[in-house]
>>> print(open('model09.txt').read())   # compact mmCIF, C-alpha atoms
# COMPACT_ATOMS: atom_id res chain seq x y z
CA MET A 1 32.76 0.73 -46.32
CA LYS A 2 30.04 -1.18 -48.18
CA LYS A 3 28.45 -2.14 -44.85
CA LEU A 4 28.35 1.55 -43.76
CA LYS A 5 26.65 2.54 -47.05
CA THR A 6 24.04 -0.18 -46.51
CA ILE A 7 23.35 1.02 -42.95
CA LEU A 8 23.04 4.66 -44.05
CA ALA A 9 20.68 3.71 -46.90
CA SER A 10 18.53 1.74 -44.45
CA VAL A 11 18.38 4.66 -42.01
CA TYR A 12 17.44 6.98 -44.85
CA ILE A 13 14.60 4.68 -45.96
CA VAL A 14 13.32 4.38 -42.36
CA LEU A 15 13.30 8.19 -41.99
CA ILE A 16 11.34 8.60 -45.23
CA LEU A 17 8.82 5.98 -44.09
CA LEU A 18 8.41 7.68 -40.70
CA LEU A 19 7.85 11.02 -42.39
CA LEU A 20 5.24 9.53 -44.74
CA LEU A 21 3.52 7.79 -41.82
CA PHE A 22 3.42 11.05 -39.87
CA MET A 23 1.93 12.92 -42.85
CA LEU A 24 -0.69 10.22 -43.45
CA ARG A 25 -1.66 10.16 -39.79
CA LYS A 26 -2.07 13.96 -39.78
CA CYS A 27 -4.26 13.82 -42.93
CA HIS A 28 -6.58 11.18 -41.45
CA ARG A 29 -7.21 12.79 -38.05
CA THR A 30 -10.82 12.53 -36.93
CA GLU A 31 -10.72 15.52 -34.62
CA PRO A 32 -11.08 18.97 -36.17
CA GLU A 33 -8.12 21.29 -36.49
CA PRO A 34 -8.15 24.15 -33.95
CA THR A 35 -9.57 27.36 -35.37
CA VAL A 36 -7.29 30.38 -35.31
CA ARG A 37 -8.92 33.81 -35.47
CA VAL A 38 -6.98 36.46 -37.35
CA ASP A 39 -8.09 40.09 -37.14
CA THR A 40 -8.24 42.01 -40.37
CA VAL A 41 -5.17 44.05 -41.17
CA ILE A 42 -5.38 46.65 -43.92
CA VAL A 43 -2.17 48.02 -45.37
CA GLU A 44 -2.30 51.23 -47.39
CA ARG A 45 0.20 53.80 -48.66
CA PRO A 46 -0.28 57.07 -46.76
CA ILE A 47 0.75 60.60 -47.61
CA HIS A 48 3.94 60.34 -45.50
CA ASP A 49 6.33 57.51 -46.52
CA THR A 50 5.06 55.16 -43.81
CA VAL A 51 2.75 52.18 -43.85
CA ILE A 52 -0.68 52.49 -42.27
CA VAL A 53 -1.72 49.34 -40.46
CA THR A 54 -5.20 49.15 -39.04
CA PRO A 55 -4.72 47.13 -35.86
CA PRO A 56 -7.17 45.26 -33.71
CA ILE A 57 -7.99 47.87 -31.06
CA ASP A 58 -9.26 47.12 -27.58
CA THR A 59 -12.32 49.25 -26.88
CA THR A 60 -14.00 46.82 -24.51
CA ALA A 61 -14.02 49.10 -21.47
CA VAL A 62 -13.44 52.74 -20.68
CA ASP A 63 -10.17 53.18 -18.80
CA THR A 64 -11.32 55.62 -16.10
CA SER A 65 -7.80 56.45 -14.87
CA ALA A 66 -6.73 57.28 -18.46
CA VAL A 67 -9.86 59.41 -18.92
CA ARG A 68 -9.06 61.37 -15.75
CA GLU A 69 -5.45 61.89 -16.86
CA ALA A 70 -6.57 62.96 -20.34
CA GLU A 71 -9.10 65.43 -18.90
CA GLN A 72 -6.21 67.20 -17.15
CA THR A 73 -3.99 67.20 -20.27
CA GLY A 74 -4.02 70.34 -22.41
CA GLN A 75 -7.02 72.41 -23.39
CA SER A 76 -10.57 71.16 -23.98
CA GLY A 77 -13.32 71.90 -26.45
CA ASN A 78 -16.33 70.25 -28.04
CA LEU A 79 -13.87 67.78 -29.56
CA LYS A 80 -10.66 66.70 -27.87
CA VAL A 81 -8.28 63.83 -28.72
CA THR A 82 -5.59 62.93 -26.19
CA LEU A 83 -2.76 60.40 -26.50
CA LEU A 84 -1.11 58.87 -23.41
CA TRP A 85 1.89 56.49 -23.17
CA ASP A 86 4.72 55.71 -20.77
CA PHE A 87 7.49 54.04 -22.79
CA ALA A 88 10.64 55.70 -24.14
CA ALA A 89 9.63 56.84 -27.62
CA ASP A 90 8.29 59.84 -29.51
CA ILE A 91 4.77 58.89 -30.60
CA ASP A 92 2.93 61.52 -32.64
CA LEU A 93 -0.81 62.13 -32.61
CA HIS A 94 -2.28 63.00 -36.04
CA VAL A 95 -5.81 64.06 -36.93
CA VAL A 96 -6.98 64.58 -40.52
CA GLN A 97 -9.87 67.05 -40.41
CA PRO A 98 -12.92 67.30 -42.72
CA ASN A 99 -11.05 69.91 -44.80
CA ARG A 100 -8.31 67.24 -45.35
CA LYS A 101 -5.74 69.31 -43.43
CA GLU A 102 -3.78 67.22 -40.95
CA ILE A 103 -2.93 68.52 -37.49
CA PHE A 104 0.30 67.11 -36.03
CA PHE A 105 3.67 68.42 -34.84
CA LYS A 106 4.63 69.98 -38.20
CA TYR A 107 1.24 71.72 -38.55
CA PRO A 108 0.11 72.25 -34.95
CA LYS A 109 -2.84 74.52 -35.68
CA ASP A 110 -5.43 75.24 -38.33
CA SER A 111 -6.96 78.69 -38.02
CA SER A 112 -9.78 77.78 -40.41
CA THR A 113 -11.11 75.06 -38.05
CA GLY A 114 -9.72 76.18 -34.71
CA GLY A 115 -7.94 72.84 -34.32
CA ARG A 116 -4.76 72.94 -32.29
CA LEU A 117 -2.05 70.60 -31.01
CA ASP A 118 -1.32 72.17 -27.63
CA VAL A 119 0.63 69.33 -25.94
CA ASP A 120 3.51 67.73 -27.89
CA ASN A 121 5.74 65.30 -25.97
CA ARG A 122 8.91 64.37 -27.87
CA LYS A 123 10.70 62.24 -25.27
CA GLY A 124 8.14 59.71 -24.05
CA GLY A 125 8.49 58.08 -20.64
CA PRO A 126 6.14 58.32 -17.64
CA GLY A 127 3.35 60.85 -18.14
CA ALA A 128 3.95 61.30 -21.89
CA ALA A 129 0.98 62.90 -23.66
CA GLU A 130 -0.17 64.75 -26.76
CA ASN A 131 -3.43 66.66 -27.14
CA ILE A 132 -5.41 68.10 -30.07
CA TYR A 133 -8.65 69.99 -29.50
CA TRP A 134 -11.32 72.12 -31.23
CA ALA A 135 -13.51 74.58 -29.31
CA GLU A 136 -16.17 74.39 -32.07
CA PRO A 137 -15.21 71.67 -34.56
CA PRO A 138 -16.67 71.92 -38.08
CA LYS A 139 -19.02 69.11 -39.11
CA GLY A 140 -17.49 66.10 -40.81
CA GLN A 141 -15.05 63.24 -40.24
CA TYR A 142 -11.89 63.45 -38.13
CA LYS A 143 -9.46 60.58 -38.77
CA VAL A 144 -7.23 59.87 -35.77
CA SER A 145 -3.93 58.04 -36.18
CA LEU A 146 -0.60 57.54 -34.40
CA VAL A 147 2.90 57.58 -35.86
CA PHE A 148 5.91 56.01 -34.12
CA TYR A 149 8.43 58.79 -34.81
CA ARG A 150 11.51 57.42 -33.02
CA GLU A 151 12.83 55.67 -29.93
CA ASN A 152 14.40 57.58 -27.04
CA LEU A 153 17.47 55.69 -25.82
CA SER A 154 18.25 58.17 -23.02
CA PHE A 155 15.79 56.34 -20.72
CA THR A 156 16.29 52.88 -19.26
CA LEU A 157 12.72 52.04 -20.25
CA PRO A 158 11.27 49.88 -23.01
CA THR A 159 11.09 51.70 -26.36
CA THR A 160 7.82 50.07 -27.41
CA GLY A 161 4.49 49.55 -25.70
CA THR A 162 0.83 50.38 -25.40
CA CYS A 163 -0.65 53.76 -26.26
CA THR A 164 -4.04 54.94 -25.06
CA VAL A 165 -6.10 57.38 -27.13
CA ILE A 166 -9.09 59.05 -25.47
CA VAL A 167 -11.70 60.88 -27.56
CA PHE A 168 -13.93 63.44 -25.87
CA GLN A 169 -16.89 64.61 -27.92
CA GLU A 170 -19.57 67.02 -26.73
CA GLY A 171 -22.70 65.15 -25.63
CA LYS A 172 -21.06 61.69 -25.69
CA GLU A 173 -19.19 59.48 -23.25
CA PRO A 174 -15.38 59.46 -23.68
CA LYS A 175 -14.07 56.60 -25.80
CA THR A 176 -10.80 54.83 -25.01
CA TYR A 177 -8.66 53.02 -27.58
CA LYS A 178 -5.53 50.98 -26.79
CA VAL A 179 -2.97 50.06 -29.42
CA GLU A 180 0.55 48.58 -29.43
CA MET A 181 3.25 50.67 -31.09
CA THR A 182 6.34 48.61 -31.90
CA THR A 183 8.18 49.84 -34.99
CA ARG A 184 9.77 53.13 -36.02
CA LYS A 185 7.80 54.91 -38.80
CA GLU A 186 4.78 52.71 -38.08
CA ARG A 187 1.47 54.51 -38.61
CA LYS A 188 -1.76 53.10 -37.16
CA GLU A 189 -5.24 54.40 -37.78
CA ILE A 190 -7.17 54.50 -34.52
CA THR A 191 -10.69 55.74 -35.24
CA THR A 192 -12.82 58.12 -37.24
CA VAL A 193 -14.85 60.63 -35.23
CA VAL A 194 -17.96 62.06 -36.88
CA VAL A 195 -19.12 65.54 -35.87
CA GLU A 196 -22.73 66.17 -36.94
>>> encode(input="model09.txt", output="structure tokens")
Amino acid sequence: MKKLKTILASVYIVLILLLLLFMLRKCHRTEPEPTVRVDTVIVERPIHDTVIVTPPIDTTAVDTSAVREAEQTGQSGNLKVTLLWDFAADIDLHVVQPNRKEIFFKYPKDSSTGGRLDVDNRKGGPGAAENIYWAEPPKGQYKVSLVFYRENLSFTLPTTGTCTVIVFQEGKEPKTYKVEMTTRKERKEITTVVVE
């Protein structure tokens, strides 16, 4: 028994020495540590009991097929915001207008601004879309965001994925934003559109 204790104590000491050697070697490396880039994430408390996360959004190129699909979705005006996705979930398009009124499924139109949600997909899946437009939008800022309302388990499709938001503004080229939606009740701010 005494011999076993001696062997275990020796193994323990060797392990400690190896760990110390490893830590010293790592501290004295001559090559620089690899740099990891982390995009800024801002977490705020919104009006609706969800967390707003500002994600890194890919706006590197206009997705021409998404623009064509969005052009054919719903009505158009001098300002139009269209959401497209193809996974099995109910994703809601929200726009807070300059008058601070928010257009989304619970408040689909604002007669004071002419803003209207005219396409509201609640199931998701191939061809899913939502659309909000203004024939003559009042001047000011329009804050566009998405909310992951719930998954749809009636499809045999993934319940998370990439959403594409296309913004059409009179006199400007369409802008395309892509964002991953992964968690129920997640709210992501996409962009702020300024009408002058």
>>> residues_near_point(input="model09.txt", point="(10.4, 58.6, -10.7)", cutoff="12 Å", atoms="all atoms listed in the file", output="MDAnalysis selection string")
chainID A and resid 86 125:127 155:157
>>> residues_around(input="model09.txt", residues="Thr73 in chain A", least_positions_apart="3", cutoff="7 Å", atoms="all atoms listed in the file", output="list in words")
Glu69, Ala70 and Asn131 of chain A
>>> residues_around(input="model09.txt", residues="Leu117 in chain A", least_positions_apart="5", cutoff="7 Å", atoms="only C-alpha atoms", output="VMD selection string")
chain A and resid 103 to 104 108 to 109 131 to 133
>>> atom_distance(input="model09.txt", atom1="CA of Lys188 in chain A", atom2="CA of Gln141 in chain A")
17.0 Å
>>> atom_distance(input="model09.txt", atom1="CA of Thr82 in chain A", atom2="CA of Thr191 in chain A")
12.6 Å
>>> closest_residue(input="model09.txt", among="A:Val144, A:Val81, A:Leu15, A:Ala135", to="Val119 in chain A", atoms="only C-alpha atoms")
A:Val81
>>> atom_distance(input="model09.txt", atom1="CA of Glu186 in chain A", atom2="CA of Arg100 in chain A")
20.9 Å
>>> residues_near_point(input="model09.txt", point="(-16.8, 57.0, -34.9)", cutoff="10 Å", atoms="all atoms listed in the file", output="PyMOL selection string")
chain A and resi 141-143+167+175+190-195
>>> axis_aligned_box(input="model09.txt", around="range 87-97 of chain A", padding_each_side="3 Å", output="AutoDock Vina command-line options")
--center_x 0.4 --center_y 60.5 --center_z -31.7 --size_x 26.5 --size_y 19.0 --size_z 23.7
>>> closest_residue(input="model09.txt", among="A:Phe105, A:Pro98, A:Thr6, A:Asn78", to="Lys172 in chain A", atoms="only C-alpha atoms")
A:Asn78
>>> residues_around(input="model09.txt", residues="Ala129 in chain A", least_positions_apart="6", cutoff="7 Å", atoms="all atoms listed in the file", output="PyMOL selection string")
chain A and resi 83-85+119-121
>>> residues_around(input="model09.txt", residues="Arg184 in chain A", least_positions_apart="5", cutoff="6 Å", atoms="only C-alpha atoms", output="compact mmCIF listing (two decimals) with C-alpha atoms, keeping the file's coordinate frame")
# COMPACT_ATOMS: atom_id res chain seq x y z
CA PHE A 148 5.91 56.01 -34.12
CA TYR A 149 8.43 58.79 -34.81
CA ARG A 150 11.51 57.42 -33.02
>>> closest_residue(input="model09.txt", among="A:Gly77, A:Gly115, A:Gly161, A:Pro174", to="Lys101 in chain A", atoms="all atoms listed in the file")
A:Gly115
>>> closest_residue(input="model09.txt", among="A:Val11, A:Val147, A:Ile166, A:Val179", to="Gln72 in chain A", atoms="only C-alpha atoms")
A:Ile166
